[in-house]
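Contents: one structure, followed by commentary.
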Amino acid sequence: MTETQQGPTETRERRSPIERKGPLRVPPAGRHSPPSPPDGQEAAAILERARASVDPELRRAIESLPGSLRRIALYHFGWEHADGTPAAGNAGKAIRPALVLSATRALGGQQASAVRAAAAVELIHNFTLLHDDVMDRDTTRRHRPTAWTVFGDADAILAGDALQALAQRLLAEDPHPASSAAAARLADCVVELCAGQHTDTAMEKRGPREVTLDECLEMAEAKTGALLGCACALGGLYAGADEEDVEALDAFGREAGLAFQLIDDVIGIWGDPSRTGKPAGADLIARKKSLPVVAALASGTPAADELAELYGVPYEEGELERTVLAVERAGGRDWAQSQAADRMSRAMHELSRAVPEPEAAGGLLALAEFVTRRTT
């Protein structure tokens, strides 16, 4: 990494961010102290309730699609097999709709009033998954073949487009007074998501050392943090929150989203496929510049030189273990885990701005802790 290709703002110096030692930077507490983290059982219960509330709304929306698009969407959500017969279902953890509902409750609103908004956010999330799987050529999601491998690229893309349209229709037809502002905010979020994906795709065409950590973090915020932030903000809107609290909730979701992406990138390299439902090391094989990889490349270590050499040419069979070890020896894994902890600290600070009472904030914090406490 050259002197002009520096890492994140908080680590800008001649030594790389990985080489720098010392405690994580914790943001000031502001006017309120962050609430204490809850245990994982609370998050599991919140997610289960969110799925129970949102799934009927999702099914109604998807059932309104024309036959061919409906079949692809139902397969993607895990509610049908490829041949159209009913399936047990694995529609994901419902993190984003749970954030909408929990934010509404945290600011004193009625969760039932925000179910459509929660479903709209989940539809947008799955629109991005369908498209990302095509672009990334991922063959497995949620322990089954991805939609494009079953129905083809064009059908998977069109099904994703249809899900985005359904999301906007849900909000357009919602009589809640916040629905118009929510629709505009969600549309802005989709534009940001697309911009983030475009940046990600463009970065893959650049050399191993031509991408900085700042760029990579900005891309991750757009691709992952934006939708989690939007989910929290929509919950605030449906609770009738003021602009300051809505923006604090958005910031909370964005920071938690960055922590989520950092951990997700770690799991993508070192995760157990039997638990993740995705093949380990797929990003390394595709030479994607995930956050641990870019951090490792920026470390200035001999392992970084080895990784740059590996990333400078297409993947060859049998090189995966060597690549994984190079990322780890260069500090990519440690940096990503430390950075995730820092982002969670920032997220808690933003949450305390919008929801000062620890008891009221508990649900949102439980979800943020859940997404960053996942193991490989």
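Scheme for the structure tokens: letters A, B, ... for chains in order shown; per-chain residue numbers from 1; ligand numbers from 1 in order shown.
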Closest contacts (segment 276-299 of chain A/segment 192-207 of chain A, max 10 Å, only C-alpha atoms) as a Markdown table:
| residue | atom | partner | partner_atom | distance |
| --- | --- | --- | --- | --- |
| A:Ala286 | CA | A:Glu204 | CA | 9.2 |
| A:Arg287 | CA | A:Glu204 | CA | 7.5 |
| A:Lys288 | CA | A:Glu204 | CA | 6.2 |
| A:Lys289 | CA | A:Glu204 | CA | 6.7 |
| A:Ser290 | CA | A:Asp200 | CA | 9.2 |
TODO: Name the residues of segment 81-172 of chain A that fall into strand (DSSP E or B) according to DSSP on the backbone, using the chain letters and numbers of this document, as a count of residues only.
DONE: 5
- [ ] For segment 82-99 of chain A, please output as JSON, numbers by chain all residues within 6 Å (counting only C-alpha atoms; exclusion window: fewer than 4 positions along the same chain).
- [x] {"A": [47, 50, 51, 77, 78, 103, 118, 122, 231, 232]}
Saved selection, atoms kept: N, CA and C atoms, as a PDB file, in the first residue's frame:
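Dumped to part_2.pdb:
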ATOM      1  N   LEU A  47     -36.727 -12.536  16.646  1.00  0.00           N
ATOM      2  CA  LEU A  47     -36.704 -12.970  15.246  1.00  0.00           C
ATOM      3  C   LEU A  47     -37.863 -13.907  14.941  1.00  0.00           C
ATOM      4  N   ALA A  50     -40.992 -11.853  14.706  1.00  0.00           N
ATOM      5  CA  ALA A  50     -40.996 -11.054  13.473  1.00  0.00           C
ATOM      6  C   ALA A  50     -41.345 -11.915  12.269  1.00  0.00           C
ATOM      7  N   ARG A  51     -40.747 -13.095  12.193  1.00  0.00           N
ATOM      8  CA  ARG A  51     -41.047 -13.989  11.070  1.00  0.00           C
ATOM      9  C   ARG A  51     -42.522 -14.368  11.066  1.00  0.00           C
ATOM     10  N   PHE A  77     -37.682 -18.119  -1.434  1.00  0.00           N
ATOM     11  CA  PHE A  77     -37.998 -17.985  -0.015  1.00  0.00           C
ATOM     12  C   PHE A  77     -38.032 -19.323   0.713  1.00  0.00           C
ATOM     13  N   GLY A  78     -37.919 -20.417  -0.033  1.00  0.00           N
ATOM     14  CA  GLY A  78     -37.905 -21.735   0.590  1.00  0.00           C
ATOM     15  C   GLY A  78     -39.270 -22.330   0.836  1.00  0.00           C
ATOM     16  N   ALA A 103     -37.674  -1.265  16.292  1.00  0.00           N
ATOM     17  CA  ALA A 103     -37.494   0.190  16.353  1.00  0.00           C
ATOM     18  C   ALA A 103     -38.822   0.886  16.607  1.00  0.00           C
ATOM     19  N   ALA A 118     -42.187  -3.601   7.422  1.00  0.00           N
ATOM     20  CA  ALA A 118     -41.218  -4.666   7.682  1.00  0.00           C
ATOM     21  C   ALA A 118     -41.164  -5.650   6.521  1.00  0.00           C
ATOM     22  N   GLU A 122     -38.016  -6.580   3.862  1.00  0.00           N
ATOM     23  CA  GLU A 122     -37.591  -7.961   3.587  1.00  0.00           C
ATOM     24  C   GLU A 122     -37.657  -8.282   2.094  1.00  0.00           C
ATOM     25  N   ALA A 231     -34.036   0.063   7.685  1.00  0.00           N
ATOM     26  CA  ALA A 231     -35.017  -0.708   8.447  1.00  0.00           C
ATOM     27  C   ALA A 231     -35.291  -0.045   9.797  1.00  0.00           C
ATOM     28  N   CYS A 232     -34.230   0.336  10.484  1.00  0.00           N
ATOM     29  CA  CYS A 232     -34.400   1.003  11.780  1.00  0.00           C
ATOM     30  C   CYS A 232     -35.100   2.347  11.626  1.00  0.00           C
TER      31      CYS A 232
END
Task: Residue contacts of Glu255 of chain A (8 Å, only C-alpha atoms) excluding same-chain residues fewer than 5 positions away, as a PyMOL selection string - done: chain A and resi 221+225+343-344+346-347
Only N, CA and C atoms, please: the residues just picked out, written as an mmCIF file, in the first residue's frame.
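Dumped everything to selection_3.cif:
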data_model
loop_
_atom_site.group_PDB
_atom_site.id
_atom_site.type_symbol
_atom_site.label_atom_id
_atom_site.label_comp_id
_atom_site.auth_asym_id
_atom_site.auth_seq_id
_atom_site.Cartn_x
_atom_site.Cartn_y
_atom_site.Cartn_z
ATOM 1 N N GLU A 221 -20.739 -0.222 3.672
ATOM 2 C CA GLU A 221 -21.840 0.537 4.269
ATOM 3 C C GLU A 221 -22.997 0.668 3.296
ATOM 4 N N GLY A 225 -24.877 -1.853 5.286
ATOM 5 C CA GLY A 225 -25.312 -0.945 6.334
ATOM 6 C C GLY A 225 -26.535 -0.130 5.956
ATOM 7 N N ARG A 343 -17.265 -1.133 15.557
ATOM 8 C CA ARG A 343 -18.510 -0.682 14.930
ATOM 9 C C ARG A 343 -19.713 -0.935 15.829
ATOM 10 N N MET A 344 -19.682 -2.048 16.570
ATOM 11 C CA MET A 344 -20.779 -2.307 17.496
ATOM 12 C C MET A 344 -20.792 -1.275 18.628
ATOM 13 N N ARG A 346 -19.854 1.823 18.357
ATOM 14 C CA ARG A 346 -20.447 3.023 17.759
ATOM 15 C C ARG A 346 -21.965 2.873 17.621
ATOM 16 N N ALA A 347 -22.396 1.675 17.221
ATOM 17 C CA ALA A 347 -23.829 1.433 17.059
ATOM 18 C C ALA A 347 -24.568 1.637 18.376
#
TODO: From a DSSP calculation on the backbone, collect every residue of segment 51-268 of chain A in alpha helix (DSSP H) and output the set as JSON, numbers by chain.
DONE: {"A": [51, 52, 53, 54, 55, 56, 57, 58, 59, 60, 61, 62, 63, 67, 68, 69, 70, 71, 72, 73, 74, 75, 76, 95, 96, 97, 98, 99, 100, 101, 102, 103, 104, 105, 106, 115, 116, 117, 118, 119, 120, 121, 122, 123, 124, 125, 126, 127, 128, 129, 130, 131, 132, 133, 134, 135, 136, 147, 148, 149, 150, 151, 153, 154, 155, 156, 157, 158, 159, 160, 161, 162, 163, 164, 165, 166, 167, 168, 169, 170, 171, 172, 179, 180, 181, 182, 183, 184, 185, 186, 187, 188, 189, 190, 191, 192, 193, 194, 195, 196, 197, 198, 199, 200, 201, 202, 203, 213, 214, 215, 216, 217, 218, 219, 220, 226, 227, 228, 229, 230, 231, 232, 233, 234, 235, 236, 237, 238, 243, 244, 245, 246, 247, 248, 249, 250, 251, 252, 253, 254, 255, 256, 257, 258, 259, 260, 261, 262, 263, 264, 265, 266, 267, 268]}
Task: Residue contacts of Arg116 of chain A (7 Å, only C-alpha atoms) excluding same-chain residues fewer than 4 positions away, as a list in words - done: Glu57, Ala120, Leu170 and Leu171 of chain A
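Proximity to Val324 of chain A at 10 Å, evaluated using only C-alpha atoms and with sequence-adjacent residues fewer than 6 positions away removed, yields Ile269, Trp270, Gly281, Leu284, Val293, Leu307, Gly332 and Arg333 of chain A.
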Open item on the list: I'd like the neighbourhood of Ala280 of chain A as an MDAnalysis selection string, where a residue qualifies if any of its atoms comes within 8 Å (using only C-alpha atoms), though same-chain residues fewer than 3 positions away should be ignored.
Closed with: chainID A and resid 267:273
Open item on the list: Here is a test: counting only C-alpha atoms, which residue of A:Val294, A:Leu217, A:Ile157, A:Leu234 is nearest to Arg185 of chain A?
Closed with: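 Closest residue, counting only C-alpha atoms: A:Leu234.
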Residues of segment 254-328 of chain A at most 7 Å from segment 354-375 of chain A: nearest atom pair and distance in Å, only C-alpha atoms, as JSON lines:
{"residue": "A:Ala256", "atom": "CA", "partner": "A:Ala368", "partner_atom": "CA", "distance": 5.9}
{"residue": "A:Ala259", "atom": "CA", "partner": "A:Thr372", "partner_atom": "CA", "distance": 6.2}
{"residue": "A:Phe260", "atom": "CA", "partner": "A:Thr372", "partner_atom": "CA", "distance": 5.4}
{"residue": "A:Ile263", "atom": "CA", "partner": "A:Thr372", "partner_atom": "CA", "distance": 6.3}
Task: Among listed residues A:Glu218, A:Asp136, A:Glu244, A:Glu63, nearest Asp283 of chain A (using only C-alpha atoms) - done: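 Smallest separation from Asp283 of chain A among the options: A:Asp136.
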